[in-house]
file my_file.cif (mmCIF, C-alpha atoms and all ligand atoms)
data_upload
#
loop_
_atom_site.label_atom_id
_atom_site.label_comp_id
_atom_site.auth_asym_id
_atom_site.auth_seq_id
_atom_site.Cartn_x
_atom_site.Cartn_y
_atom_site.Cartn_z
CA MET A 699 0.00 0.00 0.00
CA LYS A 700 1.20 3.51 -0.86
CA ASN A 701 1.81 6.07 1.88
CA LYS A 702 -1.38 6.11 3.96
CA THR A 703 -0.83 9.39 5.81
CA ILE A 704 -1.42 12.72 4.19
CA GLU A 705 -0.17 15.97 5.70
CA PHE A 706 -2.84 18.60 5.31
CA LEU A 707 -2.03 21.39 7.74
CA ASP A 708 1.19 23.14 8.75
CA LEU A 709 0.87 25.29 11.88
CA GLY A 710 4.51 26.35 11.80
CA MET A 711 7.18 26.18 14.47
CA GLN A 712 5.66 25.80 17.92
CA PRO A 713 6.89 25.51 21.51
CA LEU A 714 5.43 22.86 23.85
CA ALA A 715 1.95 24.15 24.59
CA ASN A 716 2.18 23.95 28.37
CA ALA A 717 5.84 24.95 28.73
CA PHE A 718 5.13 28.24 30.52
CA ILE A 719 8.37 30.14 31.12
CA ASP A 720 9.78 31.33 34.45
CA GLN A 721 11.10 34.89 34.43
CA LYS A 722 14.68 33.65 35.01
CA ASN A 723 14.50 31.49 31.88
CA LEU A 724 13.05 34.13 29.57
CA ASN A 725 16.19 34.31 27.47
CA LYS A 726 16.76 30.56 27.37
CA LYS A 727 16.16 28.72 24.12
CA GLU A 728 12.79 26.93 24.10
CA THR A 729 12.13 23.47 22.67
CA LYS A 730 10.36 23.97 19.35
CA TYR A 731 8.95 21.63 16.74
CA ARG A 732 7.05 21.86 13.46
CA LEU A 733 3.35 21.31 14.06
CA LYS A 734 2.00 19.41 11.08
CA VAL A 735 -1.32 17.59 11.05
CA CYS A 736 -1.99 14.38 9.10
CA PHE A 737 -4.93 12.26 7.97
CA ASN A 738 -4.61 8.51 7.74
CA LYS A 739 -6.52 7.25 4.70
CA GLN A 740 -6.59 3.71 6.02
CA ASN A 741 -7.93 4.08 9.56
CA PHE A 742 -9.26 7.67 9.27
CA LEU A 743 -7.31 8.89 12.31
CA VAL A 744 -6.14 12.50 12.42
CA SER A 745 -2.89 13.04 14.27
CA ILE A 746 0.06 15.39 14.57
CA LYS A 747 3.26 14.42 12.80
CA ASN A 748 6.04 15.27 15.25
CA THR A 749 5.61 13.99 18.76
CA PHE A 750 7.44 14.08 22.08
CA SER A 751 7.93 11.41 24.72
CA SER A 752 5.33 11.39 27.52
CA ASN A 753 7.84 12.39 30.17
CA LYS A 754 8.87 15.47 28.19
CA MET A 755 5.24 16.65 28.29
CA PHE A 756 3.78 15.21 31.49
CA ASN A 757 6.11 15.65 34.42
CA LYS A 758 6.36 17.32 37.80
CA THR A 759 6.08 20.83 36.36
CA TYR A 760 2.79 20.27 34.52
CA PRO A 761 0.48 23.27 35.03
CA TYR A 762 -3.04 22.24 33.96
CA ARG A 763 -5.64 21.55 36.65
CA SER A 764 -9.13 20.40 35.71
CA SER A 765 -10.70 21.80 38.89
CA MET A 766 -10.05 25.36 37.63
CA SER A 767 -13.23 25.35 35.58
CA LYS A 768 -16.72 25.14 36.96
CA SER A 769 -18.00 23.64 33.70
CA VAL A 770 -15.57 20.72 33.97
CA THR A 771 -16.31 20.17 37.66
CA ASN A 772 -20.07 20.18 37.01
CA SER A 773 -19.81 17.93 33.98
CA PHE A 774 -17.81 15.33 35.98
CA LYS A 775 -20.26 15.56 38.87
CA LYS A 776 -23.21 14.88 36.57
CA LEU A 777 -21.45 11.96 34.92
CA ALA A 778 -20.56 10.47 38.32
CA GLU A 779 -24.21 10.62 39.39
CA ASN A 780 -25.24 8.81 36.20
CA ILE A 781 -22.53 6.19 36.64
CA LYS A 782 -23.72 5.49 40.18
CA LYS A 783 -27.32 5.20 39.03
CA LYS A 784 -26.90 3.29 35.77
CA ILE A 785 -23.68 1.28 36.12
CA ASN A 786 -23.07 1.09 39.87
CA PRO A 787 -19.50 -0.20 39.44
CA ARG A 788 -17.66 -2.17 42.08
CA LEU A 789 -14.28 -0.63 41.28
CA ILE A 790 -13.34 2.30 39.03
CA LEU A 791 -10.01 3.18 37.49
CA GLU A 792 -9.35 6.69 36.20
CA ILE A 793 -6.49 7.09 33.74
CA GLY A 794 -5.07 10.63 33.87
CA SER A 795 -6.88 11.69 37.04
CA ASN A 796 -5.21 15.12 37.16
CA ASP A 797 -6.09 16.80 40.49
CA GLY A 798 -8.88 14.34 41.27
CA THR A 799 -11.80 16.47 40.04
CA PHE A 800 -13.69 13.37 38.84
CA MET A 801 -12.57 11.08 41.67
CA ARG A 802 -13.91 13.43 44.35
CA ASN A 803 -17.45 12.43 43.39
CA PHE A 804 -16.97 8.85 44.58
CA ASN A 805 -16.42 6.92 47.75
CA LYS A 806 -12.64 6.78 48.35
CA LYS A 807 -12.68 2.96 48.40
CA LYS A 808 -14.33 2.69 45.00
CA ILE A 809 -11.95 4.61 42.78
CA ILE A 810 -8.27 4.50 41.90
CA GLY A 811 -6.49 7.14 39.85
CA ILE A 812 -3.26 7.26 37.94
CA GLU A 813 -1.65 10.57 37.02
CA PRO A 814 2.00 10.88 35.95
CA CYS A 815 2.37 14.60 36.75
CA LYS A 816 3.53 14.30 40.35
CA ASN A 817 2.83 17.92 41.29
CA ILE A 818 -0.82 17.49 40.26
CA GLU A 819 -1.22 13.90 41.47
CA LYS A 820 -0.18 14.86 44.98
CA ILE A 821 -3.25 17.14 45.26
CA THR A 822 -5.45 14.05 44.91
CA LYS A 823 -3.34 12.10 47.37
CA LYS A 824 -3.53 14.92 49.90
CA LYS A 825 -7.29 14.55 49.84
CA LYS A 826 -6.72 10.92 50.87
CA PHE A 827 -7.76 9.42 47.54
CA ASN A 828 -6.00 6.36 46.20
CA SER A 829 -3.86 7.67 43.35
CA TYR A 830 -0.58 6.65 41.77
CA PRO A 831 2.00 8.92 40.07
CA LEU A 832 2.30 6.61 37.06
CA TYR A 833 1.98 6.52 33.28
CA TRP A 834 -0.56 4.22 31.69
CA ASN A 835 1.57 1.43 30.26
CA ASN A 836 2.29 -2.33 30.41
CA LYS A 837 4.03 -2.06 33.77
CA THR A 838 1.10 -0.23 35.41
CA THR A 839 -1.35 -2.69 33.91
CA LYS A 840 0.55 -5.65 35.35
CA LEU A 841 0.83 -3.99 38.72
CA PHE A 842 -2.86 -3.14 38.88
CA LYS A 843 -4.00 -6.53 37.65
CA LYS A 844 -2.05 -8.16 40.45
CA LYS A 845 -3.20 -5.70 43.09
CA TYR A 846 -6.83 -5.08 42.15
CA GLY A 847 -7.87 -7.72 39.61
CA GLU A 848 -10.35 -6.39 37.04
CA PHE A 849 -12.21 -3.08 36.92
CA ASP A 850 -15.81 -2.84 35.81
CA LEU A 851 -15.42 0.82 34.88
CA ILE A 852 -12.42 2.60 33.42
CA PHE A 853 -12.73 6.35 32.87
CA SER A 854 -10.37 8.69 31.09
CA ALA A 855 -10.94 12.30 30.08
CA ASN A 856 -8.55 14.12 27.76
CA THR A 857 -5.79 11.61 28.25
CA LEU A 858 -5.89 8.68 25.81
CA SER A 859 -5.66 11.04 22.81
CA HIS A 860 -2.38 12.21 24.39
CA ILE A 861 -0.71 8.80 24.04
CA LYS A 862 0.92 7.84 20.75
CA ASN A 863 0.69 4.06 20.82
CA LEU A 864 -3.09 3.58 20.84
CA ASP A 865 -2.88 -0.15 20.20
CA ASN A 866 -0.93 -0.55 23.39
CA VAL A 867 -3.30 1.74 25.29
CA PHE A 868 -6.33 -0.32 24.34
CA LYS A 869 -4.60 -3.68 24.75
CA ASN A 870 -3.94 -2.70 28.34
CA VAL A 871 -7.52 -1.48 28.82
CA TYR A 872 -8.69 -4.88 27.56
CA ARG A 873 -6.49 -6.65 30.09
CA LEU A 874 -7.89 -4.73 33.06
CA LEU A 875 -11.54 -4.39 32.05
CA SER A 876 -13.99 -7.09 33.14
CA ASP A 877 -15.85 -8.79 30.26
CA ASP A 878 -19.02 -6.84 31.01
CA GLY A 879 -17.13 -3.68 32.01
CA VAL A 880 -17.33 -0.25 30.42
CA LEU A 881 -14.61 2.12 29.28
CA ILE A 882 -15.76 5.76 29.14
CA ILE A 883 -13.50 8.25 27.45
CA GLU A 884 -13.89 11.94 26.65
CA ASP A 885 -11.89 13.84 24.08
CA PRO A 886 -12.38 16.77 21.68
CA SER A 887 -14.47 15.89 18.65
CA LEU A 888 -12.82 16.07 15.24
CA LEU A 889 -16.14 16.92 13.61
CA GLU A 890 -16.60 19.95 15.92
CA CYS A 891 -13.00 20.99 15.44
CA LEU A 892 -13.42 21.07 11.66
CA LYS A 893 -16.85 22.68 11.75
CA THR A 894 -15.74 25.48 14.07
CA ASN A 895 -12.23 25.96 12.66
CA THR A 896 -10.67 25.37 16.05
CA TYR A 897 -7.25 24.43 14.71
CA ASP A 898 -5.89 25.14 18.20
CA GLN A 899 -7.09 21.66 19.21
CA PHE A 900 -3.81 20.63 17.60
CA TYR A 901 -0.72 20.95 19.78
CA ASN A 902 1.98 18.62 21.05
CA GLU A 903 -0.20 16.99 23.75
CA HIS A 904 -3.11 16.32 21.41
CA ILE A 905 -1.45 13.62 19.37
CA TYR A 906 -4.89 12.62 18.07
CA VAL A 907 -8.20 14.42 17.66
CA PHE A 908 -10.69 11.57 17.49
CA SER A 909 -13.76 10.97 15.40
CA CYS A 910 -16.09 8.05 16.10
CA ILE A 911 -15.05 6.53 12.81
CA GLY A 912 -11.31 6.71 13.48
CA LEU A 913 -11.48 5.72 17.13
CA ASN A 914 -13.68 2.72 16.38
CA GLU A 915 -11.15 1.43 13.83
CA VAL A 916 -8.38 1.28 16.47
CA LEU A 917 -10.71 -0.09 19.12
CA LYS A 918 -11.93 -2.91 16.88
CA LYS A 919 -8.35 -3.92 16.14
CA ASN A 920 -8.06 -4.39 19.89
CA LYS A 921 -11.31 -6.31 20.47
CA LEU A 922 -13.21 -3.27 21.78
CA GLU A 923 -15.94 -1.10 20.24
CA ILE A 924 -17.98 2.03 20.90
CA TYR A 925 -21.63 1.32 21.76
CA ASN A 926 -22.81 4.81 22.66
CA VAL A 927 -21.67 8.39 22.24
CA GLU A 928 -22.74 11.67 23.84
CA LYS A 929 -21.89 15.13 22.62
CA LEU A 930 -20.49 17.45 25.28
CA ASN A 931 -20.09 21.21 25.20
CA ILE A 932 -16.94 20.90 27.22
CA HIS A 933 -13.52 21.83 25.75
CA GLY A 934 -15.03 23.33 22.64
CA GLY A 935 -17.07 20.29 21.67
CA SER A 936 -16.11 16.84 22.88
CA ASN A 937 -17.45 13.34 22.58
CA ARG A 938 -18.00 11.03 25.49
CA TYR A 939 -17.57 7.51 24.17
CA TYR A 940 -18.99 4.44 25.91
CA ILE A 941 -16.89 1.45 24.93
CA LYS A 942 -17.23 -2.28 25.58
CA LYS A 943 -15.49 -5.50 24.70
CA ILE A 944 -16.78 -6.88 21.38
CA ILE A 945 -17.65 -10.13 23.15
CA ASN A 946 -20.06 -8.18 25.36
CA LYS A 947 -23.54 -8.31 23.76
CA LYS A 948 -24.64 -4.84 24.95
CA ARG A 949 -26.75 -3.06 22.33
CA ILE A 950 -25.16 -0.55 19.93
CA GLU A 951 -27.10 2.69 20.51
CA LYS A 952 -28.65 4.81 17.78
CA SER A 953 -26.67 7.85 18.92
CA LEU A 954 -23.49 6.16 17.70
CA LEU A 955 -24.95 5.27 14.32
CA ASN A 956 -26.18 8.87 13.93
CA GLN A 957 -22.81 10.31 14.83
CA ILE A 958 -21.04 8.02 12.37
CA LEU A 959 -23.51 9.06 9.70
CA ASN A 960 -22.93 12.75 10.45
CA GLU A 961 -19.17 12.31 10.35
CA THR A 962 -19.37 10.43 7.04
CA LYS A 963 -21.72 13.01 5.53
CA TYR A 964 -19.41 15.84 6.57
CA GLY A 965 -16.59 14.03 4.75
CA LEU A 966 -14.33 12.82 7.54
CA LYS A 967 -13.25 9.91 5.35
CA LYS A 968 -12.20 12.18 2.46
CA LYS A 969 -8.90 14.02 2.18
CA LYS A 970 -10.57 16.95 0.42
CA THR A 971 -12.40 17.83 3.67
CA TYR A 972 -9.08 18.27 5.43
CA PHE A 973 -7.50 20.37 2.70
CA ASN A 974 -10.55 22.65 2.76
CA PHE A 975 -10.17 22.97 6.53
CA ALA A 976 -6.52 23.96 6.05
CA LYS A 977 -7.60 26.72 3.66
CA ARG A 978 -10.03 28.08 6.27
CA VAL A 979 -7.31 27.99 8.91
CA LYS A 980 -5.03 30.12 6.71
CA SER A 981 -7.69 32.75 6.21
CA SER A 982 -8.54 32.64 9.93
CA LYS A 983 -4.92 33.58 10.67
CA GLN A 984 -5.05 36.57 8.31
CA LYS A 985 -8.33 37.79 9.78
CA LEU A 986 -7.19 37.45 13.40
CA ARG A 987 -3.98 39.31 12.64
CA SER A 988 -5.87 42.11 10.95
CA ILE A 989 -8.14 42.51 14.01
CA PHE A 990 -5.12 42.78 16.32
CA LYS A 991 -3.32 45.20 13.99
CA GLU A 992 -6.36 47.43 13.73
CA ILE A 993 -6.74 47.70 17.53
CA ASN A 994 -2.99 48.19 17.87
CA LYS A 995 -3.02 51.06 15.38
CA LYS A 996 -5.57 52.87 17.54
CA LYS A 997 -3.22 52.41 20.52
CA ASN A 998 -5.78 50.35 22.44
CA LYS A 999 -4.48 47.73 24.85
CA ILE A 1000 -5.37 44.06 24.43
CA ILE A 1001 -5.05 41.53 27.21
CA GLY A 1002 -5.56 37.76 27.16
CA TYR A 1003 -7.98 35.74 29.28
CA GLY A 1004 -7.19 32.07 29.99
CA ALA A 1005 -3.63 31.10 29.02
CA THR A 1006 -4.71 27.79 27.53
CA ALA A 1007 -2.54 25.18 25.88
CA LYS A 1008 -4.73 25.78 22.83
CA SER A 1009 -3.86 29.47 22.71
CA THR A 1010 -0.18 28.54 22.42
CA THR A 1011 -1.02 27.19 18.95
CA ILE A 1012 -3.05 30.28 17.96
CA LEU A 1013 -0.57 32.88 19.19
CA ASN A 1014 2.50 31.19 17.71
CA TYR A 1015 0.82 30.37 14.41
CA CYS A 1016 -0.52 33.91 14.06
CA ASP A 1017 2.67 35.62 15.33
CA LEU A 1018 0.84 37.43 18.11
CA ASP A 1019 3.27 38.01 20.95
CA HIS A 1020 3.89 40.39 23.87
CA LYS A 1021 3.92 43.32 21.42
CA TYR A 1022 0.22 42.73 20.77
CA ILE A 1023 -1.01 41.37 24.11
CA ASP A 1024 -0.10 43.22 27.30
CA TYR A 1025 -0.65 40.35 29.69
CA PHE A 1026 -2.85 37.29 30.30
CA LEU A 1027 -5.13 36.68 33.26
CA ASP A 1028 -5.43 33.11 34.50
CA THR A 1029 -6.80 31.38 37.59
CA THR A 1030 -4.23 28.53 37.55
CA PRO A 1031 -1.57 29.04 40.25
CA ASN A 1032 1.09 27.13 38.27
CA LYS A 1033 0.78 29.51 35.31
CA GLN A 1034 0.74 32.80 37.22
CA ASN A 1035 3.81 35.07 37.03
CA LYS A 1036 5.16 32.96 34.20
CA TYR A 1037 5.22 33.77 30.47
CA THR A 1038 3.37 32.16 27.57
CA PRO A 1039 5.42 29.65 25.53
CA GLY A 1040 7.00 31.15 22.42
CA THR A 1041 5.20 34.49 22.64
CA LYS A 1042 6.46 35.53 26.11
CA ILE A 1043 3.36 37.29 27.37
CA LYS A 1044 3.25 37.68 31.16
CA ILE A 1045 0.49 35.79 32.99
CA LEU A 1046 -1.06 37.53 35.96
CA LYS A 1047 -3.24 36.11 38.68
CA TYR A 1048 -6.94 36.57 38.00
CA LYS A 1049 -8.41 38.41 40.97
CA ASN A 1050 -11.75 40.14 40.71
CA GLY A 1051 -12.53 40.74 37.10
CA ILE A 1052 -10.86 42.67 34.32
CA ASN A 1053 -9.17 46.04 34.97
CA LYS A 1054 -11.56 48.86 34.11
CA ASN A 1055 -9.07 50.50 31.72
CA ILE A 1056 -9.07 47.49 29.42
CA LYS A 1057 -11.38 47.42 26.43
CA TYR A 1058 -10.20 44.41 24.42
CA VAL A 1059 -9.69 40.89 25.70
CA PHE A 1060 -8.45 37.98 23.61
CA LEU A 1061 -10.33 34.92 24.83
CA GLY A 1062 -7.76 32.13 25.07
CA ALA A 1063 -10.25 30.01 27.03
CA TRP A 1064 -12.93 30.41 24.31
CA ASN A 1065 -14.21 26.94 25.21
CA PHE A 1066 -15.50 28.41 28.49
CA LYS A 1067 -17.08 31.40 26.78
CA LYS A 1068 -20.43 30.97 28.50
CA GLU A 1069 -18.91 30.57 31.96
CA ILE A 1070 -16.56 33.53 31.42
CA PHE A 1071 -19.16 35.87 29.89
CA ASN A 1072 -21.32 35.14 32.89
CA LYS A 1073 -18.47 36.00 35.24
CA GLU A 1074 -17.52 39.19 33.36
CA LYS A 1075 -20.95 40.74 33.04
CA LYS A 1076 -19.66 44.04 34.47
CA PHE A 1077 -16.90 44.29 31.84
CA ILE A 1078 -19.34 43.54 29.02
CA LYS A 1079 -21.91 46.02 30.36
CA LYS A 1080 -19.30 48.75 30.35
CA GLY A 1081 -18.60 48.14 26.65
CA GLY A 1082 -15.68 45.73 27.05
CA LYS A 1083 -15.08 43.51 24.01
CA PHE A 1084 -13.78 39.98 23.54
CA ILE A 1085 -11.74 38.85 20.54
CA ILE A 1086 -12.46 35.27 19.60
CA HIS A 1087 -11.09 33.17 16.72
CA THR A 1088 -13.91 30.63 16.32
CA PRO A 1089 -15.75 29.89 14.08
CA PHE A 1090 -14.21 32.97 12.39
CA PRO A 1091 -12.14 35.69 14.08
CA LYS A 1092 -14.33 38.50 15.33
CA ILE A 1093 -14.84 41.04 18.09
CA ILE A 1094 -17.88 40.45 20.31
P1 LIG B 1 -8.55 24.61 29.20
C1 LIG B 1 -5.44 21.45 28.82
O1 LIG B 1 -5.69 22.30 27.70
C2 LIG B 1 -4.38 20.49 28.45
P2 LIG B 1 -6.08 23.83 27.84
C3 LIG B 1 -4.82 19.13 28.08
N1 LIG B 1 -3.96 18.66 27.02
C4 LIG B 1 -6.23 19.04 27.60
O2 LIG B 1 -6.58 18.22 26.82
C5 LIG B 1 -7.23 19.96 28.20
O3 LIG B 1 -6.64 20.78 29.17
C6 LIG B 1 -8.33 19.21 28.85
C7 LIG B 1 -8.12 29.34 32.76
N2 LIG B 1 -9.41 29.90 33.15
O4 LIG B 1 -9.34 23.84 30.17
C8 LIG B 1 -7.75 28.07 33.45
C9 LIG B 1 -9.45 31.15 33.73
O5 LIG B 1 -8.41 31.81 33.94
O6 LIG B 1 -9.26 25.21 28.08
C10 LIG B 1 -6.89 27.38 32.43
O7 LIG B 1 -5.56 27.84 32.50
N3 LIG B 1 -10.67 31.64 34.10
C11 LIG B 1 -4.71 18.19 29.25
O8 LIG B 1 -5.06 24.53 28.64
C12 LIG B 1 -7.48 27.84 31.10
O9 LIG B 1 -8.17 29.05 31.37
C13 LIG B 1 -11.83 30.97 33.91
O10 LIG B 1 -12.90 31.49 34.27
O11 LIG B 1 -6.32 24.31 26.47
C14 LIG B 1 -8.47 26.84 30.54
O12 LIG B 1 -7.78 25.78 30.00
C15 LIG B 1 -11.78 29.69 33.27
C16 LIG B 1 -13.03 28.92 33.00
C17 LIG B 1 -10.55 29.19 32.92
O13 LIG B 1 -7.43 23.66 28.70
#
call {"tool": "encode", "arguments": {"input": "my_file.cif", "output": "structure tokens"}}
result
Amino acid sequence: MKNKTIEFLDLGMQPLANAFIDQKNLNKKETKYRLKVCFNKQNFLVSIKNTFSSNKMFNKTYPYRSSMSKSVTNSFKKLAENIKKKINPRLILEIGSNDGTFMRNFNKKKIIGIEPCKNIEKITKKKKFNSYPLYWNNKTTKLFKKKYGEFDLIFSANTLSHIKNLDNVFKNVYRLLSDDGVLIIEDPSLLECLKTNTYDQFYNEHIYVFSCIGLNEVLKKNKLEIYNVEKLNIHGGSNRYYIKKIINKKRIEKSLLNQILNETKYGLKKKKTYFNFAKRVKSSKQKLRSIFKEINKKKNKIIGYGATAKSTTILNYCDLDHKYIDYFLDTTPNKQNKYTPGTKIKILKYKNGINKNIKYVFLGAWNFKKEIFNKEKKFIKKGGKFIIHTPFPKII
């Protein structure tokens, strides 16, 4: 077979999306790589071309904490209630448990978490939950199988798409999941990403952006399959996949068949769809730059709100650095007083709203638009404006 992967998007030279810089290292050379995105014609997976080892990305300096957003906390709480009602599992494993935002909804004896970023994992441990500072791999699987036997529920949000060797990931899930067990995973939806031109879903940690079609191909290779899917508003449009062993006779839900149909109709199996997306991304860059330049010309200040990993892609791709954005506000302690990767914009602690002298705010955390607009009613009432890049760059 001829080359099965097609490069369709080049987002230029990028730093690691979560490598926020300490003041003392501002002049140090950053690790950079070329961010190219590919489509695999054979299994329909979309992935980035150049990748890093897990320990380069997920280590004891990792900044992201899922508890920093109310939307995430609420979404996990609701899911936990449903799990208790509908599945009532004996023992749950969470892969990539971050600071324990999901785990906190369960009885401490019922859930075990693994999280390789030690600085984040210790927050969960401090709350007396059973968590391990480990990567999800063969060694962990063996250890857990010996210690706990099988799990009837495995949950993982925004983690499995961050691991390159998916066959190995799912082989290990198969080993630990009971025959009638359920694997629930959540990750950004490729269909939403393409529809809304959110090219910033691509960065070094997001090795894959899954569709139902692509994910199911890899799962089936590993004796697993999706039987249900739910659309979530979280993280700019995600899918929550319910997965089972193929040997399990659970019914395949209509929601999955509908989603597969929608993905096929939109053209997720055709390379042309991806090249068209790349064209829209290019024009999005031009438009965003022209908005910034226009405001800059009038000598108005712009600040950033939510120094997301995603905004690393936008700012570096669009060449928008500290000359355009005065500073970022962010609620995450591990990002505060540091500088954004590549673009070196200072991140300040979010206190009580946006300074009254600011008129323009670039919304890095656009995926929490609703939550943030709600919080910043005063700023909006006074005529404050947000700059947003999706679906097309505009001022709102
Ligand atoms: P948020 C990270 O991506 C990395 P990021 C990772 N690869 C992934 O997949 C997703 O998370 C899940 C701040 N904020 O969630 C907090 C405010 O300041 O979009 C965060 O720094 N005020 C694992 O970084 C950032 O914005 C607020 O009111 O793209 C949001 O980051 C809110 C709501 C957020 O993930």
call {"tool": "residues_near_point", "arguments": {"input": "my_file.cif", "point": "(-5.7, 14.6, 6.9)", "cutoff": "8 Å", "atoms": "all atoms listed in the file", "output": "list in words"}}
result
Thr703, Ile704, Glu705, Phe706, Leu707, Val735, Cys736, Phe737, Asn738, Lys739, Val744, Lys969, Tyr972 and Phe973 of chain A
call {"tool": "closest_residue", "arguments": {"input": "my_file.cif", "among": "A:Ile932, A:Leu724, A:Leu955, A:Leu917", "to": "Lys1068 of chain A", "atoms": "only C-alpha atoms"}}
result
A:Ile932
call {"tool": "residues_around", "arguments": {"input": "my_file.cif", "residues": "Gln740 of chain A", "least_positions_apart": "5", "cutoff": "10 Å", "atoms": "all atoms listed in the file", "output": "list in words"}}
result
Met699, Asn701, Lys702, Thr703, Gly912, Glu915 and Lys967 of chain A
call {"tool": "residues_near_ligand", "arguments": {"input": "my_file.cif", "ligand": "ligand LIG 1 (chain B)", "cutoff": "7 Å", "atoms": "all atoms listed in the file", "output": "list in words"}}
result
Tyr762, Ser764, Met766, Ser767, Lys768, Asn856, Thr857, Glu903, His904, His933, Tyr1003, Gly1004, Ala1005, Thr1006, Ala1007, Lys1008, Ser1009, Leu1027, Asp1028, Thr1029, Thr1030, Tyr1048, Ala1063, Asn1065, Phe1066, Glu1069 and Ile1070 of chain A
call {"tool": "closest_residue", "arguments": {"input": "my_file.cif", "among": "A:Tyr901, A:Tyr1025, A:Tyr872, A:Phe774", "to": "Met755 of chain A", "atoms": "only C-alpha atoms"}}
result
A:Tyr901
call {"tool": "residues_near_point", "arguments": {"input": "my_file.cif", "point": "(0.5, 13.7, 39.4)", "cutoff": "12 Å", "atoms": "all atoms listed in the file", "output": "mmCIF file with C-alpha atoms, in the frame of the given file"}}
result
data_model
loop_
_atom_site.group_PDB
_atom_site.id
_atom_site.type_symbol
_atom_site.label_atom_id
_atom_site.label_comp_id
_atom_site.auth_asym_id
_atom_site.auth_seq_id
_atom_site.Cartn_x
_atom_site.Cartn_y
_atom_site.Cartn_z
ATOM 1 C CA ASN A 753 7.840 12.390 30.170
ATOM 2 C CA PHE A 756 3.780 15.210 31.490
ATOM 3 C CA ASN A 757 6.110 15.650 34.420
ATOM 4 C CA LYS A 758 6.360 17.320 37.800
ATOM 5 C CA THR A 759 6.080 20.830 36.360
ATOM 6 C CA TYR A 760 2.790 20.270 34.520
ATOM 7 C CA PRO A 761 0.480 23.270 35.030
ATOM 8 C CA TYR A 762 -3.040 22.240 33.960
ATOM 9 C CA ARG A 763 -5.640 21.550 36.650
ATOM 10 C CA ILE A 793 -6.490 7.090 33.740
ATOM 11 C CA GLY A 794 -5.070 10.630 33.870
ATOM 12 C CA SER A 795 -6.880 11.690 37.040
ATOM 13 C CA ASN A 796 -5.210 15.120 37.160
ATOM 14 C CA ASP A 797 -6.090 16.800 40.490
ATOM 15 C CA GLY A 798 -8.880 14.340 41.270
ATOM 16 C CA GLY A 811 -6.490 7.140 39.850
ATOM 17 C CA ILE A 812 -3.260 7.260 37.940
ATOM 18 C CA GLU A 813 -1.650 10.570 37.020
ATOM 19 C CA PRO A 814 2.000 10.880 35.950
ATOM 20 C CA CYS A 815 2.370 14.600 36.750
ATOM 21 C CA LYS A 816 3.530 14.300 40.350
ATOM 22 C CA ASN A 817 2.830 17.920 41.290
ATOM 23 C CA ILE A 818 -0.820 17.490 40.260
ATOM 24 C CA GLU A 819 -1.220 13.900 41.470
ATOM 25 C CA LYS A 820 -0.180 14.860 44.980
ATOM 26 C CA ILE A 821 -3.250 17.140 45.260
ATOM 27 C CA THR A 822 -5.450 14.050 44.910
ATOM 28 C CA LYS A 823 -3.340 12.100 47.370
ATOM 29 C CA LYS A 824 -3.530 14.920 49.900
ATOM 30 C CA ASN A 828 -6.000 6.360 46.200
ATOM 31 C CA SER A 829 -3.860 7.670 43.350
ATOM 32 C CA TYR A 830 -0.580 6.650 41.770
ATOM 33 C CA PRO A 831 2.000 8.920 40.070
ATOM 34 C CA LEU A 832 2.300 6.610 37.060
ATOM 35 C CA TYR A 833 1.980 6.520 33.280
#
call {"tool": "closest_residue", "arguments": {"input": "my_file.cif", "among": "A:Ile1052, A:Leu841, A:Leu959, A:Leu864", "to": "Lys1075 of chain A", "atoms": "all atoms listed in the file"}}
result
A:Ile1052
call {"tool": "closest_residue", "arguments": {"input": "my_file.cif", "among": "A:Asn803, A:Glu792, A:Ile945, A:Lys918", "to": "Leu881 of chain A", "atoms": "all atoms listed in the file"}}
result
A:Glu792
